[in-house]
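*Asks:* One structure is given below, represented as structure tokens, and several questions about it will come after.
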Amino acid sequence: MALSNKHLFVVSCGLALQAAILVLLNAFVPKLTHGMDMMWIAFQAWAVYFVAGCTPLNGFKAWVGYLTGIIASIAIIELMGVPGIKGIPFVGGMNFTMAIAVFIVVIPAIMSENLKNMVPALFIGSGAFFATMSHPALTEAVPSGCITTKFLYASQVELVYCALGLVFGYITVFWRGKYEASLAK
């Protein structure tokens with residue numbers, strides 16, 4: 001339903017209120033995420049909820065897409081350390097080690113579409129994982145040299161914020177649907 005400016009203003013105010021609430025709730029989320037404030041992942045996932053089709057089932061599929069993106073990222077990192085790939089030198093500033101690892105991992109990642117995986121969320125989740133891995137608070141939270149713990153902490157951070165954003169997407173669709181239904185009466 002196309003909304004008039006007056007009605008769209010109400011929706012805009014509702015979304016602004018939700019965004020402000022998310023910002024306020026973020027005072028507590030880092031307690032669950034090893035001190036890491038990655039609120040941008042929640043806002044990103046909120047948008048992904050709409051791209052996913054605005055249903056709880058598709059929101060869950062988006063969360064699974066983020067999870068598979070994390071798994072793909074870990075696979076890339078691990079493959080970069082495999083003998084035969086590990087020692088390939090940079091040429092002209094190009095990282096051939098990472099390029100080969102990415103090439104190998106992207107094939108099954110794309111093939112996961114046949115398993116009903118949401119591949120766009122996989123790529124977004126992978127990018128978020130690499131960003132999370134370089135967060136200074138992660139380095140502070142993880143015992144020195146413990147890559148498994150680093151992977152687990154980074155995954156937890158991303159999946160908590162992703163879930164929060166998807167819940168906010170659900171709430172948006174719910175209240176906007178109610179509002180638009182009230183206008184149709």
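Within each chain, counting starts at residue 1; across the structure tokens, chains are named A, B, ... in the order shown, with ligands numbered 1 upward in that order.
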What lies within 12 Å of range 96-112 of chain A using only C-alpha atoms, ignoring chain neighbours under 3 positions off, as a PDB file with N, CA and C atoms, in the first residue's frame?

*Replies:*
ATOM      1  N   VAL A  64      20.810 -18.307   9.466  1.00  0.00           N
ATOM      2  CA  VAL A  64      21.587 -19.474   9.025  1.00  0.00           C
ATOM      3  C   VAL A  64      22.582 -19.053   7.941  1.00  0.00           C
ATOM      4  N   GLY A  65      22.169 -18.134   7.066  1.00  0.00           N
ATOM      5  CA  GLY A  65      23.095 -17.602   6.055  1.00  0.00           C
ATOM      6  C   GLY A  65      24.292 -16.921   6.699  1.00  0.00           C
ATOM      7  N   TYR A  66      24.049 -16.122   7.733  1.00  0.00           N
ATOM      8  CA  TYR A  66      25.160 -15.501   8.463  1.00  0.00           C
ATOM      9  C   TYR A  66      26.062 -16.577   9.054  1.00  0.00           C
ATOM     10  N   LEU A  67      25.452 -17.604   9.654  1.00  0.00           N
ATOM     11  CA  LEU A  67      26.223 -18.695  10.254  1.00  0.00           C
ATOM     12  C   LEU A  67      27.085 -19.393   9.199  1.00  0.00           C
ATOM     13  N   THR A  68      26.521 -19.673   8.050  1.00  0.00           N
ATOM     14  CA  THR A  68      27.319 -20.337   7.007  1.00  0.00           C
ATOM     15  C   THR A  68      28.391 -19.405   6.459  1.00  0.00           C
ATOM     16  N   GLY A  69      28.145 -18.110   6.506  1.00  0.00           N
ATOM     17  CA  GLY A  69      29.186 -17.149   6.133  1.00  0.00           C
ATOM     18  C   GLY A  69      30.351 -17.183   7.103  1.00  0.00           C
ATOM     19  N   ILE A  70      30.032 -17.354   8.376  1.00  0.00           N
ATOM     20  CA  ILE A  70      31.079 -17.503   9.394  1.00  0.00           C
ATOM     21  C   ILE A  70      31.886 -18.767   9.122  1.00  0.00           C
ATOM     22  N   ILE A  71      31.193 -19.855   8.853  1.00  0.00           N
ATOM     23  CA  ILE A  71      31.876 -21.126   8.574  1.00  0.00           C
ATOM     24  C   ILE A  71      32.762 -20.994   7.344  1.00  0.00           C
ATOM     25  N   ALA A  72      32.254 -20.327   6.311  1.00  0.00           N
ATOM     26  CA  ALA A  72      33.052 -20.113   5.095  1.00  0.00           C
ATOM     27  C   ALA A  72      34.292 -19.273   5.399  1.00  0.00           C
ATOM     28  N   SER A  73      34.133 -18.260   6.232  1.00  0.00           N
ATOM     29  CA  SER A  73      35.272 -17.398   6.589  1.00  0.00           C
ATOM     30  C   SER A  73      36.345 -18.181   7.336  1.00  0.00           C
ATOM     31  N   ILE A  74      35.901 -19.002   8.272  1.00  0.00           N
ATOM     32  CA  ILE A  74      36.863 -19.827   9.021  1.00  0.00           C
ATOM     33  C   ILE A  74      37.576 -20.783   8.069  1.00  0.00           C
ATOM     34  N   ALA A  75      36.831 -21.343   7.127  1.00  0.00           N
ATOM     35  CA  ALA A  75      37.441 -22.238   6.141  1.00  0.00           C
ATOM     36  C   ALA A  75      38.501 -21.498   5.316  1.00  0.00           C
ATOM     37  N   ILE A  76      38.212 -20.270   4.931  1.00  0.00           N
ATOM     38  CA  ILE A  76      39.187 -19.467   4.175  1.00  0.00           C
ATOM     39  C   ILE A  76      40.444 -19.254   5.010  1.00  0.00           C
ATOM     40  N   ILE A  77      40.257 -18.839   6.256  1.00  0.00           N
ATOM     41  CA  ILE A  77      41.409 -18.578   7.140  1.00  0.00           C
ATOM     42  C   ILE A  77      42.239 -19.843   7.316  1.00  0.00           C
ATOM     43  N   GLU A  78      41.568 -20.959   7.556  1.00  0.00           N
ATOM     44  CA  GLU A  78      42.281 -22.223   7.756  1.00  0.00           C
ATOM     45  C   GLU A  78      42.994 -22.679   6.477  1.00  0.00           C
ATOM     46  N   LEU A  79      42.337 -22.543   5.339  1.00  0.00           N
ATOM     47  CA  LEU A  79      42.965 -22.946   4.067  1.00  0.00           C
ATOM     48  C   LEU A  79      44.217 -22.119   3.763  1.00  0.00           C
ATOM     49  N   MET A  80      44.213 -20.870   4.210  1.00  0.00           N
ATOM     50  CA  MET A  80      45.378 -20.016   3.968  1.00  0.00           C
ATOM     51  C   MET A  80      46.619 -20.539   4.691  1.00  0.00           C
ATOM     52  N   GLY A  81      46.435 -21.414   5.667  1.00  0.00           N
ATOM     53  CA  GLY A  81      47.569 -21.973   6.401  1.00  0.00           C
ATOM     54  C   GLY A  81      47.969 -23.360   5.933  1.00  0.00           C
ATOM     55  N   VAL A  82      47.291 -23.879   4.931  1.00  0.00           N
ATOM     56  CA  VAL A  82      47.569 -25.239   4.443  1.00  0.00           C
ATOM     57  C   VAL A  82      48.848 -25.231   3.598  1.00  0.00           C
ATOM     58  N   PRO A  83      49.735 -26.196   3.830  1.00  0.00           N
ATOM     59  CA  PRO A  83      50.929 -26.286   2.987  1.00  0.00           C
ATOM     60  C   PRO A  83      50.541 -26.375   1.507  1.00  0.00           C
ATOM     61  N   GLY A  84      51.299 -25.688   0.691  1.00  0.00           N
ATOM     62  CA  GLY A  84      50.997 -25.630  -0.733  1.00  0.00           C
ATOM     63  C   GLY A  84      50.219 -24.378  -1.090  1.00  0.00           C
ATOM     64  N   ILE A  85      49.485 -23.854  -0.117  1.00  0.00           N
ATOM     65  CA  ILE A  85      48.777 -22.587  -0.308  1.00  0.00           C
ATOM     66  C   ILE A  85      49.466 -21.507   0.518  1.00  0.00           C
ATOM     67  N   LYS A  86      49.879 -21.898   1.707  1.00  0.00           N
ATOM     68  CA  LYS A  86      50.430 -20.989   2.710  1.00  0.00           C
ATOM     69  C   LYS A  86      51.587 -20.117   2.207  1.00  0.00           C
ATOM     70  N   GLY A  87      52.524 -20.677   1.501  1.00  0.00           N
ATOM     71  CA  GLY A  87      53.739 -19.943   1.177  1.00  0.00           C
ATOM     72  C   GLY A  87      53.705 -19.182  -0.135  1.00  0.00           C
ATOM     73  N   ILE A  88      52.555 -19.114  -0.786  1.00  0.00           N
ATOM     74  CA  ILE A  88      52.511 -18.427  -2.084  1.00  0.00           C
ATOM     75  C   ILE A  88      52.760 -16.938  -1.857  1.00  0.00           C
ATOM     76  N   PRO A  89      53.736 -16.376  -2.559  1.00  0.00           N
ATOM     77  CA  PRO A  89      54.086 -14.970  -2.309  1.00  0.00           C
ATOM     78  C   PRO A  89      53.065 -13.998  -2.923  1.00  0.00           C
ATOM     79  N   PHE A  90      53.055 -12.809  -2.368  1.00  0.00           N
ATOM     80  CA  PHE A  90      52.298 -11.707  -2.963  1.00  0.00           C
ATOM     81  C   PHE A  90      52.993 -11.348  -4.271  1.00  0.00           C
ATOM     82  N   VAL A  91      52.226 -11.021  -5.278  1.00  0.00           N
ATOM     83  CA  VAL A  91      52.791 -10.575  -6.558  1.00  0.00           C
ATOM     84  C   VAL A  91      52.083  -9.276  -6.926  1.00  0.00           C
ATOM     85  N   GLY A  92      52.844  -8.232  -7.035  1.00  0.00           N
ATOM     86  CA  GLY A  92      52.256  -6.940  -7.389  1.00  0.00           C
ATOM     87  C   GLY A  92      51.202  -6.484  -6.391  1.00  0.00           C
ATOM     88  N   GLY A  93      51.393  -6.842  -5.133  1.00  0.00           N
ATOM     89  CA  GLY A  93      50.439  -6.456  -4.094  1.00  0.00           C
ATOM     90  C   GLY A  93      49.225  -7.370  -4.006  1.00  0.00           C
ATOM     91  N   LEU A 115      20.644 -26.146  -1.203  1.00  0.00           N
ATOM     92  CA  LEU A 115      20.161 -26.592   0.110  1.00  0.00           C
ATOM     93  C   LEU A 115      19.260 -25.522   0.741  1.00  0.00           C
ATOM     94  N   LYS A 116      18.854 -24.568  -0.069  1.00  0.00           N
ATOM     95  CA  LYS A 116      17.997 -23.450   0.362  1.00  0.00           C
ATOM     96  C   LYS A 116      18.716 -22.467   1.275  1.00  0.00           C
ATOM     97  N   ASN A 117      20.058 -22.452   1.198  1.00  0.00           N
ATOM     98  CA  ASN A 117      20.813 -21.474   1.972  1.00  0.00           C
ATOM     99  C   ASN A 117      20.643 -20.106   1.309  1.00  0.00           C
ATOM    100  N   MET A 118      20.555 -19.074   2.113  1.00  0.00           N
ATOM    101  CA  MET A 118      20.429 -17.716   1.603  1.00  0.00           C
ATOM    102  C   MET A 118      21.838 -17.177   1.342  1.00  0.00           C
ATOM    103  N   VAL A 119      22.284 -17.335   0.112  1.00  0.00           N
ATOM    104  CA  VAL A 119      23.661 -17.012  -0.250  1.00  0.00           C
ATOM    105  C   VAL A 119      23.999 -15.534  -0.022  1.00  0.00           C
ATOM    106  N   PRO A 120      23.110 -14.563  -0.321  1.00  0.00           N
ATOM    107  CA  PRO A 120      23.467 -13.179  -0.003  1.00  0.00           C
ATOM    108  C   PRO A 120      23.781 -12.976   1.486  1.00  0.00           C
ATOM    109  N   ALA A 121      23.003 -13.608   2.364  1.00  0.00           N
ATOM    110  CA  ALA A 121      23.285 -13.501   3.805  1.00  0.00           C
ATOM    111  C   ALA A 121      24.602 -14.182   4.146  1.00  0.00           C
ATOM    112  N   LEU A 122      24.944 -15.253   3.432  1.00  0.00           N
ATOM    113  CA  LEU A 122      26.230 -15.923   3.629  1.00  0.00           C
ATOM    114  C   LEU A 122      27.371 -14.934   3.354  1.00  0.00           C
ATOM    115  N   PHE A 123      27.293 -14.212   2.243  1.00  0.00           N
ATOM    116  CA  PHE A 123      28.357 -13.259   1.907  1.00  0.00           C
ATOM    117  C   PHE A 123      28.398 -12.093   2.885  1.00  0.00           C
ATOM    118  N   GLY A 125      27.371 -12.216   5.995  1.00  0.00           N
ATOM    119  CA  GLY A 125      27.874 -12.797   7.236  1.00  0.00           C
ATOM    120  C   GLY A 125      29.374 -13.021   7.202  1.00  0.00           C
ATOM    121  N   SER A 126      29.890 -13.416   6.040  1.00  0.00           N
ATOM    122  CA  SER A 126      31.336 -13.609   5.902  1.00  0.00           C
ATOM    123  C   SER A 126      32.075 -12.288   6.061  1.00  0.00           C
TER     124      SER A 126
END

*Asks:* Using only C-alpha atoms, which protein or nucleic acid residues come within 10 Å of Gln44 in chain A? Drop anything in the same chain fewer than 5 positions from it, and give the result as an MDAnalysis selection string.

*Replies:* chainID A and resid 39 49 124:125 128 161:162 165:166

*Asks:* Go through chain A and collect every residue that DSSP, computed from the backbone, puts in alpha helix (DSSP H); the answer should be as a PyMOL selection string.

*Replies:* chain A and resi 5-25+39-51+56-79+96-111+119-133+136-141+147-184

*Asks:* Please write the residues from the selection above to a file, keeping C-alpha atoms, as a short mmCIF file (atom, residue, chain, number, x, y, z; two decimals), in the first residue's frame.

*Replies:*
data_model
loop_
_atom_site.label_atom_id
_atom_site.label_comp_id
_atom_site.auth_asym_id
_atom_site.auth_seq_id
_atom_site.Cartn_x
_atom_site.Cartn_y
_atom_site.Cartn_z
CA ASN A 5 3.28 11.65 3.40
CA LYS A 6 1.29 11.96 6.63
CA HIS A 7 1.11 8.18 7.08
CA LEU A 8 4.69 7.62 5.95
CA PHE A 9 5.74 10.20 8.55
CA VAL A 10 4.13 8.02 11.25
CA VAL A 11 6.03 4.99 9.92
CA SER A 12 9.25 7.01 9.82
CA CYS A 13 8.77 8.09 13.44
CA GLY A 14 8.11 4.48 14.45
CA LEU A 15 11.30 3.30 12.73
CA ALA A 16 13.25 6.16 14.27
CA LEU A 17 11.95 5.13 17.71
CA GLN A 18 12.96 1.51 17.06
CA ALA A 19 16.45 2.59 15.96
CA ALA A 20 16.81 4.74 19.08
CA ILE A 21 15.71 1.80 21.26
CA LEU A 22 18.29 -0.41 19.56
CA VAL A 23 20.98 2.15 20.32
CA LEU A 24 19.89 2.24 23.97
CA LEU A 25 19.73 -1.56 24.24
CA MET A 39 25.84 -2.68 16.61
CA TRP A 40 26.35 -2.13 12.90
CA ILE A 41 25.76 -5.88 12.43
CA ALA A 42 22.31 -5.51 14.02
CA PHE A 43 21.40 -2.66 11.68
CA GLN A 44 22.72 -4.64 8.73
CA ALA A 45 20.71 -7.74 9.72
CA TRP A 46 17.63 -5.58 10.24
CA ALA A 47 17.87 -4.60 6.57
CA VAL A 48 18.57 -8.22 5.56
CA TYR A 49 15.24 -9.19 7.18
CA PHE A 50 13.47 -7.11 4.53
CA VAL A 51 15.59 -8.48 1.70
CA PRO A 56 10.08 -15.20 10.58
CA LEU A 57 11.06 -18.30 8.59
CA ASN A 58 13.06 -16.24 6.12
CA GLY A 59 14.57 -14.31 9.03
CA PHE A 60 15.77 -17.62 10.42
CA LYS A 61 17.14 -18.53 6.98
CA ALA A 62 19.02 -15.21 7.00
CA TRP A 63 20.51 -16.08 10.41
CA VAL A 64 21.59 -19.47 9.02
CA GLY A 65 23.09 -17.60 6.05
CA TYR A 66 25.16 -15.50 8.46
CA LEU A 67 26.22 -18.70 10.25
CA THR A 68 27.32 -20.34 7.01
CA GLY A 69 29.19 -17.15 6.13
CA ILE A 70 31.08 -17.50 9.39
CA ILE A 71 31.88 -21.13 8.57
CA ALA A 72 33.05 -20.11 5.09
CA SER A 73 35.27 -17.40 6.59
CA ILE A 74 36.86 -19.83 9.02
CA ALA A 75 37.44 -22.24 6.14
CA ILE A 76 39.19 -19.47 4.17
CA ILE A 77 41.41 -18.58 7.14
CA GLU A 78 42.28 -22.22 7.76
CA LEU A 79 42.97 -22.95 4.07
CA PHE A 96 47.35 -15.16 -4.07
CA THR A 97 47.13 -17.22 -0.88
CA MET A 98 43.81 -15.66 0.05
CA ALA A 99 42.60 -15.65 -3.56
CA ILE A 100 43.12 -19.42 -3.83
CA ALA A 101 41.45 -20.07 -0.46
CA VAL A 102 38.49 -17.85 -1.43
CA PHE A 103 38.18 -19.62 -4.80
CA ILE A 104 38.06 -23.03 -3.11
CA VAL A 105 35.51 -21.99 -0.44
CA VAL A 106 33.18 -19.98 -2.69
CA ILE A 107 32.33 -23.00 -4.85
CA PRO A 108 30.57 -24.98 -2.08
CA ALA A 109 29.25 -21.73 -0.62
CA ILE A 110 27.39 -20.97 -3.85
CA MET A 111 26.36 -24.62 -4.20
CA VAL A 119 23.66 -17.01 -0.25
CA PRO A 120 23.47 -13.18 0.00
CA ALA A 121 23.28 -13.50 3.80
CA LEU A 122 26.23 -15.92 3.63
CA PHE A 123 28.36 -13.26 1.91
CA ILE A 124 27.19 -10.51 4.27
CA GLY A 125 27.87 -12.80 7.24
CA SER A 126 31.34 -13.61 5.90
CA GLY A 127 32.21 -9.94 5.55
CA ALA A 128 30.91 -9.23 9.04
CA PHE A 129 33.01 -12.09 10.41
CA PHE A 130 36.22 -10.74 8.89
CA ALA A 131 35.40 -7.30 10.31
CA THR A 132 34.69 -8.82 13.72
CA MET A 133 37.97 -10.75 13.68
CA PRO A 136 40.43 -4.60 19.07
CA ALA A 137 38.12 -5.85 21.85
CA LEU A 138 38.33 -9.36 20.42
CA THR A 139 42.10 -9.31 20.75
CA GLU A 140 41.72 -8.18 24.37
CA ALA A 141 39.09 -10.83 25.18
CA ILE A 147 42.58 -19.12 17.45
CA THR A 148 39.70 -21.49 18.28
CA THR A 149 38.50 -19.20 21.05
CA LYS A 150 38.91 -16.21 18.74
CA PHE A 151 36.70 -17.91 16.12
CA LEU A 152 34.09 -18.80 18.75
CA TYR A 153 34.01 -15.33 20.30
CA ALA A 154 33.79 -13.62 16.90
CA SER A 155 31.01 -16.00 15.85
CA GLN A 156 29.08 -15.37 19.06
CA VAL A 157 29.34 -11.60 18.64
CA GLU A 158 28.13 -11.72 15.07
CA LEU A 159 25.27 -14.14 15.68
CA VAL A 160 23.98 -12.26 18.74
CA TYR A 161 23.91 -8.94 16.89
CA CYS A 162 22.48 -10.62 13.80
CA ALA A 163 19.64 -12.13 15.84
CA LEU A 164 18.95 -8.76 17.45
CA GLY A 165 18.71 -7.07 14.06
CA LEU A 166 16.45 -9.78 12.67
CA VAL A 167 14.14 -9.42 15.69
CA PHE A 168 13.96 -5.68 15.04
CA GLY A 169 13.09 -6.44 11.41
CA TYR A 170 10.28 -8.70 12.58
CA ILE A 171 8.99 -6.02 14.97
CA THR A 172 9.04 -3.44 12.17
CA VAL A 173 7.00 -5.64 9.85
CA PHE A 174 4.58 -6.53 12.65
CA TRP A 175 3.74 -3.00 13.77
CA ARG A 176 3.77 -1.53 10.27
CA GLY A 177 1.36 -4.25 9.13
CA LYS A 178 -0.94 -3.41 12.04
CA TYR A 179 -0.70 0.29 11.27
CA GLU A 180 -1.43 -0.15 7.56
CA ALA A 181 -4.35 -2.49 8.38
CA SER A 182 -5.81 0.18 10.66
CA LEU A 183 -5.64 2.68 7.79
CA ALA A 184 -7.53 0.33 5.47
#

*Asks:* How far is it from CA of Asn26 in chain A to CA of Pro143 in chain A, in Å with one decimal?

*Replies:*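 Separating CA of Asn26 in chain A from CA of Pro143 in chain A is a distance of 24.9 Å.
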
*Asks:* What does the distance from CA of Asp37 in chain A to CA of His135 in chain A come to in Å, to one decimal?

*Replies:*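 Between CA of Asp37 in chain A and CA of His135 in chain A the gap is 9.2 Å.
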
*Asks:* For CA of Gly35 in chain A and CA of Gly145 in chain A, determine how far apart the two atoms are, in Å to one decimal place.

*Replies:*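 CA of Gly145 in chain A lies at a distance of 18.9 Å from CA of Gly35 in chain A.
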